[in-house]
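K.L.:
Input structure: model10.csv, which contains CSV, C-alpha atoms.
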```
chain,number,residue,atom,x,y,z
A,1,MET,CA,89.7,218.6,-38.9
A,2,PRO,CA,86.6,218.7,-36.7
A,3,LEU,CA,85.8,215.7,-34.7
A,4,GLY,CA,82.4,214.0,-35.1
A,5,GLU,CA,79.7,213.9,-32.5
A,6,ILE,CA,81.1,214.4,-29.1
A,7,PRO,CA,80.2,211.8,-26.4
A,8,ARG,CA,77.9,213.0,-23.6
A,9,THR,CA,80.5,212.3,-21.0
A,10,GLU,CA,83.1,214.7,-22.4
A,11,CYS,CA,83.9,217.7,-20.3
A,12,LEU,CA,83.8,221.3,-21.6
A,13,TRP,CA,85.6,224.3,-20.2
A,14,ARG,CA,85.0,228.0,-20.5
A,15,SER,CA,87.1,230.7,-19.0
A,16,VAL,CA,85.6,233.0,-16.3
A,17,TYR,CA,87.4,236.2,-17.2
A,18,LYS,CA,85.4,238.9,-15.5
A,19,PRO,CA,84.2,239.2,-11.9
A,20,ASP,CA,80.9,240.4,-13.3
A,21,GLN,CA,80.2,236.9,-14.8
A,22,ILE,CA,79.6,235.3,-11.4
A,23,LYS,CA,77.2,236.0,-8.6
A,24,LYS,CA,78.2,236.8,-5.1
A,25,ASP,CA,77.5,233.2,-4.0
A,26,GLY,CA,80.0,232.0,-6.6
A,27,THR,CA,77.6,230.6,-9.1
A,28,LEU,CA,77.6,231.6,-12.7
A,29,LYS,CA,75.1,234.1,-14.0
A,30,PRO,CA,72.8,232.8,-16.7
A,31,ALA,CA,74.2,235.5,-19.1
A,32,PHE,CA,77.5,233.6,-18.9
A,33,PHE,CA,76.0,231.0,-21.2
A,34,ARG,CA,74.2,233.2,-23.7
A,35,ASP,CA,75.6,234.1,-27.1
A,36,LYS,CA,73.5,234.4,-30.2
A,37,ARG,CA,76.5,233.7,-32.3
A,38,GLY,CA,77.1,230.3,-30.6
A,39,LEU,CA,78.8,230.2,-27.2
A,40,SER,CA,82.5,229.3,-27.3
A,41,CYS,CA,84.1,226.7,-25.0
A,42,ASP,CA,86.9,224.2,-25.0
A,43,LEU,CA,86.8,220.4,-25.2
A,44,ALA,CA,88.7,219.5,-22.0
A,45,LYS,CA,90.3,216.4,-23.6
A,46,LEU,CA,92.1,218.6,-26.2
A,47,SER,CA,93.2,221.3,-23.8
A,48,THR,CA,94.8,222.0,-20.4
A,49,VAL,CA,93.4,223.8,-17.5
A,50,ASP,CA,95.9,226.6,-17.9
A,51,ALA,CA,95.4,226.9,-21.7
A,52,SER,CA,91.6,227.1,-21.3
A,53,ARG,CA,91.8,229.4,-18.3
A,54,LEU,CA,94.5,231.8,-19.6
A,55,GLY,CA,94.1,231.5,-23.3
A,56,HIS,CA,95.8,229.5,-26.0
A,57,ALA,CA,98.1,232.2,-27.2
A,58,VAL,CA,101.8,232.2,-26.2
A,59,PRO,CA,102.3,234.0,-23.9
A,60,PRO,CA,98.9,233.7,-22.4
A,61,MET,CA,96.7,236.7,-23.0
A,62,TRP,CA,94.3,236.4,-20.2
A,63,PRO,CA,95.0,237.3,-16.5
A,64,ILE,CA,96.3,234.8,-14.1
A,65,THR,CA,93.2,235.6,-11.9
A,66,SER,CA,90.9,233.9,-14.4
A,67,GLY,CA,88.8,231.0,-13.4
A,68,LEU,CA,87.3,228.1,-15.3
A,69,ALA,CA,83.7,226.9,-15.7
A,70,ARG,CA,83.3,223.2,-16.1
A,71,PHE,CA,80.3,221.4,-17.5
A,72,THR,CA,79.7,218.4,-19.7
A,73,VAL,CA,78.3,217.7,-23.2
A,74,ALA,CA,75.4,216.0,-21.4
A,75,ASN,CA,74.6,219.2,-19.5
A,76,VAL,CA,74.4,221.1,-22.7
A,77,ARG,CA,72.2,218.5,-24.4
A,78,ASP,CA,69.9,218.1,-21.4
A,79,VAL,CA,68.9,221.8,-21.2
A,80,GLY,CA,67.0,221.6,-24.5
A,81,ALA,CA,65.9,219.2,-27.2
A,82,ASP,CA,67.9,221.0,-29.9
A,83,SER,CA,70.8,222.1,-27.7
A,84,ASP,CA,74.1,220.6,-28.6
A,85,VAL,CA,77.8,221.4,-28.9
A,86,VAL,CA,80.1,220.8,-31.9
A,87,HIS,CA,83.9,220.8,-32.3
A,88,GLU,CA,84.9,224.0,-34.2
A,89,PRO,CA,88.7,224.0,-34.1
A,90,LEU,CA,90.4,227.4,-34.6
A,91,GLY,CA,93.7,225.8,-35.6
A,92,ALA,CA,94.4,223.4,-38.4
A,93,THR,CA,96.1,220.7,-36.3
A,94,PRO,CA,96.3,219.6,-32.6
A,95,SER,CA,99.7,221.1,-32.4
A,96,SER,CA,98.6,224.5,-33.7
A,97,ARG,CA,99.1,227.5,-31.5
A,98,GLU,CA,95.5,228.4,-32.1
A,99,ASN,CA,92.7,226.6,-30.3
A,100,TYR,CA,92.2,223.1,-31.6
A,101,ALA,CA,90.0,222.4,-28.6
A,102,HIS,CA,87.5,225.1,-29.5
A,103,CYS,CA,83.9,224.0,-29.5
A,104,GLN,CA,80.7,225.9,-30.0
A,105,LEU,CA,77.1,225.5,-28.8
A,106,THR,CA,74.8,225.0,-31.7
A,107,LYS,CA,72.0,227.2,-30.5
A,108,TRP,CA,71.4,230.4,-28.6
A,109,LEU,CA,70.3,229.3,-25.1
A,110,THR,CA,67.1,230.8,-23.7
A,111,THR,CA,67.3,232.3,-20.3
A,112,GLU,CA,65.7,229.2,-18.9
A,113,GLU,CA,68.2,226.9,-20.6
A,114,ALA,CA,71.1,229.2,-19.6
A,115,THR,CA,69.8,229.2,-16.0
A,116,GLN,CA,69.7,225.4,-16.0
A,117,LEU,CA,73.3,225.2,-17.3
A,118,ALA,CA,74.5,227.8,-14.8
A,119,ARG,CA,73.0,225.7,-12.1
A,120,VAL,CA,74.9,222.5,-12.9
A,121,ALA,CA,78.2,224.0,-14.1
A,122,LYS,CA,81.1,224.1,-11.6
A,123,VAL,CA,83.6,226.9,-11.2
A,124,ASP,CA,87.1,225.4,-10.7
A,125,PRO,CA,89.6,227.0,-10.4
A,126,VAL,CA,87.6,229.8,-8.8
A,127,PRO,CA,88.7,233.1,-10.2
A,128,ARG,CA,90.8,235.3,-7.9
A,129,PHE,CA,89.6,238.8,-8.8
B,1,MET,CA,61.5,258.7,-0.3
B,2,THR,CA,64.6,259.4,1.7
B,3,THR,CA,67.0,262.2,0.9
B,4,ALA,CA,69.7,259.6,0.2
B,5,GLN,CA,67.5,257.7,-2.2
B,6,ARG,CA,66.4,260.8,-4.0
B,7,SER,CA,70.0,261.9,-4.4
B,8,TRP,CA,71.0,258.6,-6.0
B,9,THR,CA,68.1,258.5,-8.4
B,10,GLN,CA,68.4,262.1,-9.2
B,11,ASN,CA,70.1,261.5,-12.5
B,12,ALA,CA,67.0,259.7,-13.8
B,13,ILE,CA,64.2,261.3,-11.7
B,14,THR,CA,63.4,264.9,-11.8
B,15,PRO,CA,61.5,266.9,-9.2
B,16,SER,CA,57.8,266.2,-8.9
B,17,THR,CA,55.0,267.8,-10.8
B,18,PRO,CA,51.4,267.8,-9.6
B,19,LEU,CA,49.7,264.4,-10.3
B,20,GLN,CA,46.3,264.7,-12.0
B,21,GLY,CA,43.6,262.8,-10.2
B,22,GLY,CA,45.8,261.1,-7.7
B,23,SER,CA,46.9,261.4,-4.1
B,24,GLN,CA,50.2,263.1,-4.3
B,25,SER,CA,51.3,262.9,-0.7
B,26,ALA,CA,50.5,259.1,-0.5
B,27,SER,CA,52.4,258.3,-3.7
B,28,ALA,CA,55.4,260.5,-4.1
B,29,SER,CA,57.4,257.7,-5.7
B,30,ILE,CA,54.7,257.2,-8.4
B,31,ILE,CA,55.0,260.9,-9.2
B,32,ASP,CA,58.7,260.5,-9.5
B,33,ILE,CA,58.3,257.5,-11.8
B,34,TRP,CA,55.9,259.4,-13.9
B,35,ASP,CA,58.2,262.4,-14.1
B,36,ARG,CA,60.9,260.1,-15.4
B,37,MET,CA,58.5,258.6,-18.0
B,38,GLN,CA,57.8,262.1,-19.2
B,39,ARG,CA,61.4,263.1,-19.2
B,40,ARG,CA,62.3,260.1,-21.3
B,41,THR,CA,59.7,260.9,-24.0
B,42,ALA,CA,61.5,261.5,-27.2
B,43,PRO,CA,60.8,264.5,-29.3
B,44,GLY,CA,57.8,263.9,-31.6
B,45,GLU,CA,56.1,261.5,-29.2
B,46,PRO,CA,53.4,263.6,-27.7
B,47,GLN,CA,51.5,260.8,-26.0
B,48,THR,CA,53.3,261.3,-22.6
B,49,ALA,CA,54.0,264.9,-23.0
B,50,ASN,CA,50.3,265.9,-23.3
B,51,ALA,CA,48.3,263.0,-21.8
B,52,SER,CA,47.5,262.8,-18.2
B,53,ILE,CA,48.9,260.0,-16.1
B,54,THR,CA,45.4,258.6,-15.7
B,55,ASP,CA,45.0,258.4,-19.5
B,56,ILE,CA,48.2,256.5,-19.9
B,57,TRP,CA,47.5,254.2,-17.1
B,58,ASP,CA,44.0,253.6,-18.2
B,59,TRP,CA,45.3,252.7,-21.6
B,60,GLN,CA,47.8,250.3,-20.0
B,61,LEU,CA,45.1,248.6,-18.0
B,62,LYS,CA,42.9,248.2,-21.1
B,63,THR,CA,45.7,246.6,-23.0
B,64,THR,CA,47.5,244.6,-20.3
B,65,SER,CA,45.1,243.3,-17.6
B,66,PRO,CA,46.9,240.7,-15.4
B,67,HIS,CA,45.8,237.1,-15.2
B,68,GLY,CA,44.2,235.6,-12.2
B,69,VAL,CA,44.1,238.6,-10.0
B,70,SER,CA,41.1,240.8,-9.8
B,71,GLN,CA,41.8,244.5,-9.6
B,72,PRO,CA,40.1,247.7,-10.3
B,73,ALA,CA,39.0,247.7,-13.9
B,74,SER,CA,39.8,251.3,-14.6
B,75,ALA,CA,42.2,252.2,-11.9
B,76,SER,CA,44.6,255.1,-12.0
B,77,ILE,CA,48.3,254.5,-11.5
B,78,THR,CA,47.8,255.6,-7.9
B,79,ASP,CA,45.1,253.0,-7.5
B,80,LEU,CA,47.3,250.2,-9.0
B,81,TRP,CA,50.2,251.2,-6.8
B,82,ASP,CA,48.0,251.2,-3.7
B,83,TRP,CA,46.7,247.8,-4.9
B,84,ILE,CA,50.2,246.4,-4.8
B,85,ARG,CA,51.5,248.1,-1.6
B,86,PRO,CA,49.2,246.8,1.1
B,87,LYS,CA,49.5,243.2,0.1
B,88,THR,CA,53.3,243.0,0.6
B,89,ASN,CA,54.4,244.3,3.9
B,90,SER,CA,52.4,246.2,6.5
B,91,GLY,CA,55.3,247.2,8.7
B,92,GLY,CA,56.8,250.7,8.6
B,93,VAL,CA,59.8,251.5,6.4
B,94,GLN,CA,62.9,250.8,8.5
B,95,SER,CA,65.8,253.0,7.6
B,96,LEU,CA,68.0,249.8,7.4
B,97,THR,CA,65.6,248.3,4.9
B,98,VAL,CA,65.7,251.4,2.7
B,99,ALA,CA,69.5,251.5,3.0
B,100,GLU,CA,69.8,247.9,2.0
B,101,ILE,CA,67.5,248.2,-1.0
B,102,GLU,CA,69.4,251.3,-2.1
B,103,ARG,CA,72.7,249.6,-1.6
B,104,LEU,CA,71.5,246.7,-3.9
B,105,GLY,CA,70.3,249.2,-6.5
B,106,GLN,CA,73.5,251.2,-6.3
B,107,LEU,CA,75.7,248.1,-6.7
B,108,ALA,CA,73.7,247.0,-9.7
B,109,ASP,CA,73.9,250.4,-11.2
B,110,GLU,CA,77.6,250.6,-10.8
B,111,GLU,CA,78.1,247.2,-12.4
B,112,LEU,CA,75.9,248.2,-15.4
B,113,ARG,CA,78.0,251.3,-15.9
B,114,ARG,CA,81.1,249.2,-15.7
B,115,TYR,CA,79.9,247.2,-18.7
B,116,LEU,CA,80.3,250.2,-20.9
B,117,THR,CA,84.1,250.2,-20.2
B,118,PHE,CA,84.5,246.6,-21.5
B,119,GLU,CA,86.8,246.3,-24.5
B,120,PRO,CA,86.0,244.0,-27.5
B,121,ALA,CA,86.7,240.4,-26.6
B,122,TRP,CA,86.1,241.3,-22.9
B,123,ASP,CA,85.1,237.7,-22.1
B,124,GLY,CA,88.4,236.3,-23.2
B,125,TYR,CA,86.7,235.1,-26.4
B,126,ASP,CA,85.1,237.4,-29.0
B,127,GLY,CA,82.7,239.1,-26.7
B,128,LEU,CA,80.9,242.1,-28.1
B,129,THR,CA,80.9,245.5,-26.4
B,130,PHE,CA,77.7,246.9,-24.9
B,131,ASN,CA,75.2,249.2,-26.5
B,132,GLU,CA,74.8,252.4,-24.5
B,133,GLN,CA,71.1,252.5,-25.0
B,134,ALA,CA,70.7,249.0,-23.7
B,135,ILE,CA,72.7,249.8,-20.6
B,136,ASP,CA,70.8,253.0,-20.0
B,137,ARG,CA,67.5,251.1,-20.2
B,138,ALA,CA,68.8,248.4,-17.8
B,139,ARG,CA,69.9,251.2,-15.4
B,140,GLN,CA,66.5,252.8,-15.6
B,141,VAL,CA,64.8,249.5,-14.8
B,142,VAL,CA,67.1,249.1,-11.8
B,143,GLN,CA,66.3,252.6,-10.6
B,144,LEU,CA,62.6,252.0,-11.1
B,145,ALA,CA,62.8,248.7,-9.2
B,146,THR,CA,64.7,250.4,-6.4
B,147,VAL,CA,61.9,252.9,-5.9
B,148,PHE,CA,59.4,250.1,-6.2
B,149,PHE,CA,61.0,247.9,-3.5
B,150,VAL,CA,61.3,250.9,-1.1
B,151,ASP,CA,57.7,251.7,-1.7
B,152,VAL,CA,56.5,248.1,-1.0
B,153,LYS,CA,59.0,247.9,1.9
B,154,MET,CA,60.7,244.8,0.7
B,155,VAL,CA,64.3,243.9,0.4
B,156,PRO,CA,64.7,241.7,-2.7
B,157,ASP,CA,67.0,238.7,-2.4
B,158,GLU,CA,69.0,240.0,-5.3
B,159,ILE,CA,69.3,242.7,-8.0
B,160,THR,CA,71.9,241.2,-10.3
B,161,PRO,CA,73.0,242.5,-13.7
B,162,GLY,CA,74.7,240.0,-16.0
B,163,PRO,CA,76.8,240.6,-19.1
B,164,ALA,CA,76.5,238.2,-22.1
B,165,SER,CA,79.1,237.7,-24.8
B,166,ASP,CA,76.7,238.7,-27.5
B,167,GLY,CA,76.4,242.2,-26.0
B,168,SER,CA,73.0,241.7,-24.4
B,169,VAL,CA,72.6,242.4,-20.7
B,170,ASP,CA,70.4,240.9,-18.0
B,171,VAL,CA,68.9,242.4,-14.9
B,172,GLU,CA,67.8,239.7,-12.5
B,173,PHE,CA,65.5,240.2,-9.5
B,174,SER,CA,64.7,237.5,-6.9
B,175,ALA,CA,62.1,237.8,-4.1
B,176,CYS,CA,59.4,235.7,-2.5
B,177,GLY,CA,60.8,232.5,-4.1
B,178,ARG,CA,60.3,234.1,-7.6
B,179,THR,CA,62.9,235.1,-10.2
B,180,LEU,CA,62.5,237.8,-12.8
B,181,ILE,CA,65.1,238.4,-15.5
B,182,PHE,CA,64.9,241.2,-18.0
B,183,THR,CA,67.2,240.9,-21.0
B,184,PHE,CA,68.1,243.9,-23.1
B,185,ASP,CA,69.6,243.2,-26.4
B,186,ARG,CA,72.2,245.2,-28.4
B,187,GLU,CA,69.4,245.9,-30.8
B,188,GLN,CA,67.5,247.3,-27.9
B,189,PHE,CA,63.9,246.5,-28.9
B,190,PRO,CA,62.0,244.5,-27.8
B,191,ALA,CA,63.4,243.2,-24.5
B,192,ARG,CA,62.9,239.7,-23.1
B,193,VAL,CA,61.3,238.8,-19.9
B,194,TYR,CA,61.9,235.5,-18.0
B,195,ALA,CA,59.8,234.8,-14.9
B,196,ARG,CA,60.0,231.7,-12.8
B,197,GLU,CA,58.1,230.5,-9.8
B,198,GLY,CA,58.8,226.9,-8.9
B,199,GLN,CA,58.4,224.8,-12.1
B,200,SER,CA,56.3,227.5,-13.8
B,201,THR,CA,58.1,229.7,-16.2
B,202,HIS,CA,57.3,232.5,-18.7
B,203,ASP,CA,59.8,233.6,-21.3
B,204,ARG,CA,58.8,236.1,-23.9
B,205,GLU,CA,59.5,239.3,-25.7
B,206,ASP,CA,58.0,242.5,-24.1
B,207,ASP,CA,58.1,246.2,-24.8
B,208,LEU,CA,59.0,246.8,-21.1
B,209,GLN,CA,57.7,250.2,-20.8
B,210,ASP,CA,57.8,251.5,-17.2
B,211,ALA,CA,54.2,250.5,-16.5
B,212,THR,CA,55.0,247.0,-17.7
B,213,VAL,CA,58.1,246.8,-15.5
B,214,VAL,CA,56.0,247.8,-12.5
B,215,ARG,CA,53.5,245.1,-13.4
B,216,TRP,CA,56.2,242.4,-13.5
B,217,LEU,CA,57.6,243.7,-10.2
B,218,GLY,CA,54.1,243.4,-8.8
B,219,TRP,CA,54.1,239.8,-9.9
B,220,LEU,CA,57.5,239.3,-8.3
B,221,VAL,CA,56.3,240.4,-4.9
B,222,GLY,CA,53.1,238.4,-5.2
B,223,SER,CA,50.6,241.2,-5.6
B,224,LEU,CA,49.7,240.9,-9.3
B,225,GLY,CA,49.3,238.1,-11.8
B,226,VAL,CA,51.5,237.6,-14.8
B,227,PRO,CA,51.0,240.5,-17.2
B,228,ASP,CA,49.3,239.7,-20.5
B,229,ALA,CA,51.7,239.2,-23.4
B,230,VAL,CA,52.1,242.3,-25.5
B,231,ASP,CA,50.9,241.8,-29.1
B,232,ALA,CA,53.2,242.3,-32.0
B,233,ALA,CA,51.7,245.6,-33.0
B,234,ARG,CA,52.6,247.2,-29.6
B,235,ARG,CA,56.1,245.7,-29.8
B,236,ASP,CA,56.8,247.8,-32.9
B,237,PRO,CA,58.2,251.2,-31.9
B,238,ALA,CA,56.3,252.7,-34.8
B,239,TYR,CA,53.1,251.8,-32.9
B,240,ARG,CA,53.7,254.8,-30.7
B,241,VAL,CA,52.4,257.0,-33.5
B,242,PRO,CA,48.9,255.6,-33.5
B,243,LEU,CA,49.0,255.6,-29.7
B,244,ALA,CA,49.7,259.3,-29.7
B,245,ILE,CA,46.7,259.9,-32.0
B,246,ARG,CA,44.5,257.8,-29.8
B,247,LEU,CA,45.4,259.8,-26.7
```
Just give me the structure of the file as structure tokens.

P.N.:
Amino acid sequence: MPLGEIPRTECLWRSVYKPDQIKKDGTLKPAFFRDKRGLSCDLAKLSTVDASRLGHAVPPMWPITSGLARFTVANVRDVGADSDVVHEPLGATPSSRENYAHCQLTKWLTTEEATQLARVAKVDPVPRF
Amino acid sequence: MTTAQRSWTQNAITPSTPLQGGSQSASASIIDIWDRMQRRTAPGEPQTANASITDIWDWQLKTTSPHGVSQPASASITDLWDWIRPKTNSGGVQSLTVAEIERLGQLADEELRRYLTFEPAWDGYDGLTFNEQAIDRARQVVQLATVFFVDVKMVPDEITPGPASDGSVDVEFSACGRTLIFTFDREQFPARVYAREGQSTHDREDDLQDATVVRWLGWLVGSLGVPDAVDAARRDPAYRVPLAIRL
């Protein structure tokens, strides 16, 4: 069952899976946050660093070298008036093997909005490509 | 243009043909760009196959005059290029500068080609694969920009492609405290342009023909104003037909 409105202080995680998603200086590229279908991320409170970084499947599907981008609900809301994130669980219950922590951005971020989000997001753990 | 540079861009740039009404020796790279524009003309689009470079450029100028910067009202492409060039860097082209620009372009090109090898769900979620046409167009813009930066003798701070989960691709340029990002969608047309200088930003759809790309690059290096927005009619690919008739 989806949660209601997520507080601004909650943390969001999204896996950094490809070296091409980050710049040479270690910051995220704006394209990392752009998806017309609604960008996927995990609500940190309902996940673990390894689950979000390596995937929720058992055994993990994603490489051990993956990193994690960290940002907050406030970051998402602050980039644009109609920018928000909602809880969209992929599993029925918190114990499900699918991703109950899954969230989705409600709008397609413009390049300006994606750039702002890329500026404030932190990459930790840093991917080891 | 150096031998090394020509060899790298050879897959997109064919040997020169005489330039009508322009100074060939002074603007070899312009001729190369024009050759490429002609080569990319699809069958049934006679506007570039038959028209002179001056015709096309004059048409571009009439339809997209830049804001805030006075420039020759009916300049040829050579004139416009010369307009950009002296305002950026008066020093000679250092071989290191050329090598650095070419290295940036080459790395960006390699990265763009790598995107075509991405599998579905490449981002660890449900990332879409990349459209070959969009990647090709992004690569052409990188190659055009590489020639441009060599010509204006400026090493950009970055030429950075970026893959998005929805299958769109960015090409980001930074120079002179300005940022320019072209976004090519899976549907290919039109592209988006994002330009930022300090707090001032522009974000809009654009046809991104080669001449428009050069205008945006001119803005990036501080030689031209922001190009006018392209009206809806010109963003429609079908608009090429009446353009061909006009020429």

K.L.:
Tell me which of A:Pro30, A:Pro127, A:Gly91, A:Gly67 sits closest to chain B, counting all atoms listed in the file.

P.N.:
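Going through A:Pro30, A:Pro127, A:Gly91, A:Gly67 one by one, the smallest distance to chain B is for A:Pro30.
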
K.L.:
Could you write out as a VMD selection string the residues of chain A within 8 Å of chain B, counting only C-alpha atoms?

P.N.:
chain A and resid 15 to 18 20 to 21 23 29 to 37 39 to 40 55 62 111 to 112

K.L.:
Check the smallest atom-to-atom distance from each of A:Val85, A:Phe129, A:Ala51, A:Leu117 to Thr27 of chain A using all atoms listed in the file, then report the winner.

P.N.:
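With all atoms listed in the file as the atom set, the closest residue is A:Leu117.
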
K.L.:
I'd like the neighbourhood of Ala69 of chain A as a ChimeraX atom specification, where a residue qualifies if any of its atoms comes within 10 Å (using all atoms listed in the file), though same-chain residues fewer than 3 positions away should be ignored.

P.N.:
/A:12-16,27-28,32,41,52-53,118,121-127

K.L.:
How many Å lie between atom CA of Asn99 of chain A and atom CA of His56 of chain A, rounded to one decimal?

P.N.:
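It comes out at 6.0 Å.
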
K.L.:
Could you tell me which of B:Val226, B:Leu116, B:Leu220, B:Leu180 comes closest to Phe149 of chain B if we count all atoms listed in the file?

P.N.:
B:Leu220

K.L.:
Take atom CA of Thr97 of chain B and atom CA of Met154 of chain B and report the distance between them in Å, one decimal.

P.N.:
7.3 Å

K.L.:
Quote the spacing between atom CA of Ile22 of chain A and atom CA of Arg128 of chain A in Å to one decimal place.

P.N.:
11.7 Å

K.L.:
List the residues sitting within 7 Å of (76.3, 243.0, -5.4) in the file's frame, using all atoms listed in the file, as number ranges by chain.

P.N.:
A: 24; B: 104, 107-108, 160

K.L.:
Using only C-alpha atoms for the distances, tell me which of A:Met1, A:Leu109, A:Leu54, A:Cys11 is nearest to Asp42 of chain A.

P.N.:
A:Cys11
